[in-house]
Amino acid sequence: MKVFTVADAARAIGGQWFIDEKDMTREVRFVTSDSRQAGEGALFVAICGARVDGHDFIEGALANDASLCIGERDPKDASEMPFIKVDSSLAAVGRLAAWYRSLFDIPVVGITGSVGKTTTKEMVWSVLRQKYETHKTQKNFNNELGVPQTLLAMPEDSTAAVIEMGISDFGEMSRLTAMVKPTVAVMSIIGYSHLEFLGDREGVLRAKGEIFEGVAEDGVAVLNGDDDLLCDFMPPVRRVTYGLNEGNDYVASNVENLGQDGVACTIRWKDEEISVTIPAYGTHMVYAALAGTAVGDQLGLSAEEIRAGIEAYETVGRRAHIEKTDSLVIVDDCYNANPSSVSAAIASLDGAKGRRVCILGDMLELGTEENALHEGVGKKCADAGVELLLATGELSKYTVQGAAAMGERAKWFCDKPALIAALPDLLQKGDTVLVKASHSRKFEEITEALLKLEL
């Protein structure tokens with residue numbers, strides 16, 4: 001990051017200062033909310049979490065020579081300096097991040113949507129790094145603590161950035177956008193996520209649409225034109241669209257699912273055309289490649305640079321990660337789940353070898369329609385010709401009900417241990433197995449059992 005001083009931070013943050021004049025020139029070299037990292041050169045942000053209160057570690061951070069601490073309580077004693085008391089630690093680090101972002105006159109791409117944010121972020125980054133020194137969001141740092149930490153970690157030599165922006169309620173995107181100030185805003189899909197707070201898909205669009213409050217007047221919106229809400233959505237900035245349907249500005253055709261070997265397609269825009277093989281599982285990856293193409297083109301990359309970036313893409317975490325054993329092909333997609341992402345994952349099994357097996361769990365935060373939405377996923381399995389559906393979780397009873405047309409090939413289990421115990425009798429050598437549920441359901445335990453299974 002660009003090194004700045006305690007005085008710079010204090011002016012950006014405001015609040016009540018407990019700082020000696022001699023400390024104003026101390027350098028801040030990184031920002032963290034993890035007290036274990038709060039050593040020399042650190043700006044430590046004390047966050048009151050559900051299980052740990054960061055204020056309990058302020059004294060230790062200062063003893064480890066942290067340059068500055070931020071918190072919401074008065075210091076215990078006069079020795080707790082340098083320290084800034086604020087009404088909200090989250091808001092304070094957001095103000096600091098907004099100031100730090102203003103030091104960079106570079107293209108910044110904000111990525112949002114209900115499905116595929118991280119995949120799209122990684123694809124856009126893979127494309128842009130063919131031309132730019134591109135900073136990106138790490139891990140799942142996409143919320144009101146993660147986004148400022150991402151911005152504040154931006155290296156001094158960055159010439160572009162790709163920032164993932166995730167929300168669950170109204171107003172959050174406005175606050176994130178005030179920090180990120182994107183020059184390009186990408187929306188993937190408006191799906192059935194966080195309905196407990198946002199009500200319906202129209203509410204999801206309104207909440208995520210707050211991103212355009214901070215996009216520069218000469219900025220651009222990059223929208224999935226195949227989405228039934230986004231295709232007619234008119235943001236207050238210039239827009240371009242991508243999708244499989246003709247009429248989009250960036251169009252993919254000749255899509256070929258290569259199974260474990262990825263997806264091939266042709267991408268066309270303006271007078272350009274490239275043939276690419278995306279080295280990742282699932283036909284939904286075509287949309288990420290299209291978003292990468294659109295952003296790359298808007299930011300001046302050549303067709304060859306865009307193609308190279310798409311083909312250099314690498315999957316991250318437990319997002320459609322392929323694991324192969326002597327018996328099975330496992331599609332480990334345990335990171336998260338909502339009806340849109342699960343439906344896309346089921347559709348991507350179409351090119352799989354052997355029987356197609358879905359092991360599905362509960363999808364959370366779906367509001368009053370949660371039962372019907374789980375039933376819809378089950379019906380999707382039946383309609384797609386999935387040979388075997390295994391499910392566990394209270395809501396997943398409705399998934400099995402929705403798959404009634406599958407008969408005995410759709411089975412519900414009372415818990416994960418019961419499902420795991422049944423796997424040797426239900427699976428066959430050569431099966432392709434999709435494992436997907438909301439992250440808190442910890443379906444990676446099922447993936448680990450599959451990896452050890454011998455058939």
# chains A, B, ... in the order shown; residues from 1 in each chain; ligands from 1
$ select_by_dssp --residues "region 75-124 of chain A" --states "strand (DSSP E)" --output "ChimeraX atom specification"
/A:83-85,108-112
$ residues_around --residues "region 223-232 of chain A" --least-positions-apart "6" --cutoff "7 Å" --atoms "only C-alpha atoms" --output "list in words"
Val186, Met187, Ser188, Ile189, Val240, Thr241, Tyr242, Gly243, Leu244, Asn245 and Asn248 of chain A
$ residues_around --residues "Val222 (chain A)" --least-positions-apart "5" --cutoff "12 Å" --atoms "only C-alpha atoms" --output "JSON, numbers by chain"
{"A": [109, 110, 111, 112, 113, 120, 124, 182, 183, 184, 185, 186, 187, 188, 189, 211, 212, 215, 230, 231, 233, 234, 235, 237, 238, 239, 240, 241, 242, 243, 248, 249, 250, 287, 288, 290, 291, 292, 293, 294, 295, 296, 297, 298, 299]}
$ select_by_dssp --residues "region 120-289 of chain A" --states "alpha helix (DSSP H)" --output "ChimeraX atom specification"
/A:120-128,146-152,172-180,195-198,201-208,285-289
$ write_last_selection --atoms "N, CA and C atoms" --output "compact mmCIF listing (two decimals), in the first residue's frame"
# COMPACT_ATOMS: atom_id res chain seq x y z
N THR A 120 -16.80 -13.94 -11.50
CA THR A 120 -16.67 -12.80 -12.41
C THR A 120 -15.49 -11.93 -12.04
N LYS A 121 -15.30 -11.69 -10.74
CA LYS A 121 -14.15 -10.90 -10.28
C LYS A 121 -12.84 -11.54 -10.71
N GLU A 122 -12.73 -12.85 -10.54
CA GLU A 122 -11.49 -13.53 -10.90
C GLU A 122 -11.27 -13.50 -12.41
N MET A 123 -12.35 -13.62 -13.18
CA MET A 123 -12.21 -13.58 -14.64
C MET A 123 -11.81 -12.18 -15.11
N VAL A 124 -12.46 -11.15 -14.58
CA VAL A 124 -12.12 -9.79 -14.97
C VAL A 124 -10.67 -9.49 -14.59
N TRP A 125 -10.26 -9.92 -13.41
CA TRP A 125 -8.86 -9.72 -12.99
C TRP A 125 -7.90 -10.45 -13.93
N SER A 126 -8.24 -11.69 -14.30
CA SER A 126 -7.37 -12.46 -15.19
C SER A 126 -7.21 -11.76 -16.54
N VAL A 127 -8.29 -11.13 -17.00
CA VAL A 127 -8.21 -10.40 -18.27
C VAL A 127 -7.41 -9.11 -18.10
N LEU A 128 -7.75 -8.30 -17.11
CA LEU A 128 -7.11 -6.99 -16.98
C LEU A 128 -5.62 -7.08 -16.68
N GLY A 146 -14.58 -5.97 4.76
CA GLY A 146 -13.66 -6.52 3.76
C GLY A 146 -13.32 -5.55 2.65
N VAL A 147 -14.31 -4.78 2.17
CA VAL A 147 -14.05 -3.84 1.07
C VAL A 147 -13.04 -2.77 1.47
N PRO A 148 -13.19 -2.09 2.62
CA PRO A 148 -12.16 -1.12 2.99
C PRO A 148 -10.79 -1.75 3.19
N GLN A 149 -10.75 -2.96 3.75
CA GLN A 149 -9.47 -3.63 3.92
C GLN A 149 -8.84 -3.93 2.56
N THR A 150 -9.69 -4.31 1.59
CA THR A 150 -9.19 -4.55 0.24
C THR A 150 -8.62 -3.28 -0.37
N LEU A 151 -9.35 -2.19 -0.26
CA LEU A 151 -8.87 -0.92 -0.82
C LEU A 151 -7.59 -0.47 -0.14
N LEU A 152 -7.53 -0.60 1.17
CA LEU A 152 -6.38 -0.12 1.92
C LEU A 152 -5.14 -1.00 1.73
N GLU A 172 -26.42 -0.75 2.16
CA GLU A 172 -25.05 -1.25 2.24
C GLU A 172 -24.27 -0.92 0.98
N MET A 173 -24.89 -1.09 -0.19
CA MET A 173 -24.17 -0.83 -1.43
C MET A 173 -23.81 0.65 -1.55
N SER A 174 -24.68 1.51 -1.08
CA SER A 174 -24.36 2.95 -1.11
C SER A 174 -23.09 3.23 -0.32
N ARG A 175 -22.98 2.59 0.85
CA ARG A 175 -21.80 2.81 1.68
C ARG A 175 -20.55 2.23 1.02
N LEU A 176 -20.68 1.06 0.40
CA LEU A 176 -19.53 0.45 -0.28
C LEU A 176 -19.11 1.30 -1.48
N THR A 177 -20.09 1.78 -2.21
CA THR A 177 -19.80 2.56 -3.42
C THR A 177 -19.11 3.87 -3.08
N ALA A 178 -19.44 4.46 -1.93
CA ALA A 178 -18.78 5.69 -1.51
C ALA A 178 -17.29 5.48 -1.28
N MET A 179 -16.92 4.24 -0.93
CA MET A 179 -15.50 3.93 -0.76
C MET A 179 -14.85 3.58 -2.10
N VAL A 180 -15.50 2.70 -2.87
CA VAL A 180 -14.89 2.13 -4.08
C VAL A 180 -14.83 3.12 -5.22
N LEU A 195 -33.44 -12.66 0.27
CA LEU A 195 -34.85 -12.22 0.19
C LEU A 195 -35.44 -11.96 1.57
N GLU A 196 -34.82 -12.54 2.59
CA GLU A 196 -35.28 -12.28 3.96
C GLU A 196 -35.25 -10.79 4.28
N PHE A 197 -34.30 -10.08 3.65
CA PHE A 197 -34.14 -8.65 3.90
C PHE A 197 -34.61 -7.79 2.73
N LEU A 198 -34.48 -8.31 1.51
CA LEU A 198 -34.74 -7.50 0.31
C LEU A 198 -36.11 -7.75 -0.30
N ARG A 201 -36.99 -10.15 -6.03
CA ARG A 201 -35.90 -9.86 -6.96
C ARG A 201 -35.85 -8.38 -7.33
N GLU A 202 -37.00 -7.73 -7.41
CA GLU A 202 -37.00 -6.30 -7.67
C GLU A 202 -36.29 -5.55 -6.55
N GLY A 203 -36.48 -6.03 -5.31
CA GLY A 203 -35.77 -5.44 -4.18
C GLY A 203 -34.27 -5.68 -4.27
N VAL A 204 -33.89 -6.88 -4.72
CA VAL A 204 -32.48 -7.18 -4.92
C VAL A 204 -31.87 -6.19 -5.92
N LEU A 205 -32.58 -5.94 -7.02
CA LEU A 205 -32.07 -5.01 -8.03
C LEU A 205 -31.96 -3.59 -7.47
N ARG A 206 -32.95 -3.16 -6.70
CA ARG A 206 -32.88 -1.82 -6.12
C ARG A 206 -31.68 -1.69 -5.20
N ALA A 207 -31.47 -2.71 -4.37
CA ALA A 207 -30.36 -2.65 -3.41
C ALA A 207 -29.02 -2.67 -4.12
N LYS A 208 -28.86 -3.56 -5.07
CA LYS A 208 -27.59 -3.64 -5.78
C LYS A 208 -27.41 -2.46 -6.73
N MET A 285 -19.75 -20.54 -16.90
CA MET A 285 -18.49 -19.82 -17.01
C MET A 285 -18.45 -18.92 -18.24
N VAL A 286 -19.29 -19.21 -19.23
CA VAL A 286 -19.34 -18.38 -20.43
C VAL A 286 -19.73 -16.95 -20.05
N TYR A 287 -20.64 -16.80 -19.09
CA TYR A 287 -21.06 -15.45 -18.68
C TYR A 287 -19.91 -14.69 -18.03
N ALA A 288 -19.10 -15.38 -17.23
CA ALA A 288 -17.94 -14.72 -16.64
C ALA A 288 -16.96 -14.29 -17.72
N ALA A 289 -16.77 -15.15 -18.73
CA ALA A 289 -15.87 -14.80 -19.84
C ALA A 289 -16.40 -13.60 -20.62
$ closest_residue --among "A:Arg29, A:Lys139, A:Lys181, A:Arg356" --to "Ala97 (chain A)" --atoms "only C-alpha atoms"
A:Lys181
$ residues_around --residues "Pro82 (chain A)" --least-positions-apart "3" --cutoff "6 Å" --atoms "only C-alpha atoms" --output "PyMOL selection string"
chain A and resi 18-19+68
$ closest_residue --among "A:Val93, A:Leu366, A:Ile359, A:Ala405" --to "Leu388 (chain A)" --atoms "only C-alpha atoms"
A:Ile359
$ residues_around --residues "region 393-402 of chain A" --least-positions-apart "6" --cutoff "7 Å" --atoms "only C-alpha atoms" --output "short mmCIF file (atom, residue, chain, number, x, y, z; two decimals) with C-alpha atoms, in the first residue's frame"
data_model
loop_
_atom_site.label_atom_id
_atom_site.label_comp_id
_atom_site.auth_asym_id
_atom_site.auth_seq_id
_atom_site.Cartn_x
_atom_site.Cartn_y
_atom_site.Cartn_z
CA GLY A 361 -28.54 -28.96 1.08
CA ASP A 362 -30.46 -26.01 2.44
CA ASN A 371 -40.13 -23.73 0.62
CA HIS A 374 -36.41 -25.37 -2.73
CA GLU A 375 -39.19 -27.23 -4.54
CA GLY A 376 -38.20 -25.41 -7.72
CA VAL A 377 -34.63 -26.67 -7.43
CA GLY A 378 -35.92 -30.22 -7.06
CA LYS A 379 -38.05 -29.83 -10.16
CA ALA A 410 -34.68 -38.62 -5.03
CA LYS A 411 -33.86 -39.31 -1.38
CA TRP A 412 -33.88 -37.16 1.77
CA CYS A 414 -32.20 -36.67 8.39
CA ASP A 415 -28.61 -35.41 8.68
#
$ residues_around --residues "Cys69 (chain A)" --least-positions-apart "2" --cutoff "9 Å" --atoms "only C-alpha atoms" --output "tab-separated table (two decimals) with N, CA and C atoms, in the first residue's frame"
chain	number	residue	atom	x	y	z
A	42	ALA	N	1.19	-1.00	12.00
A	42	ALA	CA	-0.22	-1.35	11.80
A	42	ALA	C	-1.16	-0.23	12.23
A	43	LEU	N	-2.27	-0.12	11.53
A	43	LEU	CA	-3.42	0.62	12.02
A	43	LEU	C	-4.44	-0.44	12.39
A	44	PHE	N	-4.71	-0.59	13.69
A	44	PHE	CA	-5.58	-1.64	14.18
A	44	PHE	C	-6.99	-1.10	14.38
A	45	VAL	N	-7.96	-1.73	13.75
A	45	VAL	CA	-9.36	-1.34	13.85
A	45	VAL	C	-10.06	-2.30	14.81
A	46	ALA	N	-10.52	-1.79	15.93
A	46	ALA	CA	-11.20	-2.63	16.93
A	46	ALA	C	-12.66	-2.79	16.55
A	58	ILE	N	-6.69	-3.75	22.14
A	58	ILE	CA	-6.06	-2.46	21.83
A	58	ILE	C	-4.74	-2.31	22.58
A	61	ALA	N	-2.06	-4.38	21.01
A	61	ALA	CA	-1.63	-3.86	19.71
A	61	ALA	C	-0.67	-2.70	19.89
A	62	LEU	N	-0.98	-1.80	20.82
A	62	LEU	CA	-0.09	-0.66	21.07
A	62	LEU	C	1.24	-1.12	21.68
A	66	ALA	N	1.93	-0.92	17.31
A	66	ALA	CA	0.98	-0.48	16.28
A	66	ALA	C	1.04	1.04	16.19
A	67	SER	N	0.92	1.57	14.99
A	67	SER	CA	1.03	3.02	14.81
A	67	SER	C	-0.20	3.76	15.29
A	71	GLY	N	-11.28	2.75	17.74
A	71	GLY	CA	-12.28	2.02	18.49
A	71	GLY	C	-13.45	2.90	18.89
A	80	GLU	N	-3.01	4.63	26.59
A	80	GLU	CA	-3.53	4.04	25.35
A	80	GLU	C	-3.54	5.11	24.26
A	81	MET	N	-2.39	5.35	23.72
A	81	MET	CA	-2.19	6.31	22.64
A	81	MET	C	-1.21	5.69	21.66
A	82	PRO	N	-1.26	6.03	20.40
A	82	PRO	CA	-2.25	6.88	19.72
A	82	PRO	C	-3.55	6.10	19.45
A	83	PHE	N	-4.67	6.78	19.68
A	83	PHE	CA	-5.98	6.14	19.59
A	83	PHE	C	-6.99	7.17	19.11
A	84	ILE	N	-7.95	6.72	18.29
A	84	ILE	CA	-9.05	7.59	17.86
A	84	ILE	C	-10.36	6.93	18.26
A	85	LYS	N	-11.17	7.65	19.03
A	85	LYS	CA	-12.49	7.15	19.40
A	85	LYS	C	-13.50	7.62	18.36
$ closest_residue --among "A:Thr134, A:Asp350, A:Tyr281, A:Glu273" --to "Thr315 (chain A)" --atoms "only C-alpha atoms"
A:Tyr281
$ atom_distance --atom1 "CA of Arg355 (chain A)" --atom2 "CA of Glu370 (chain A)"
28.5 Å
$ closest_residue --among "A:Ala372, A:Thr325, A:Asp169, A:Glu59" --to "Asp77 (chain A)" --atoms "only C-alpha atoms"
A:Glu59
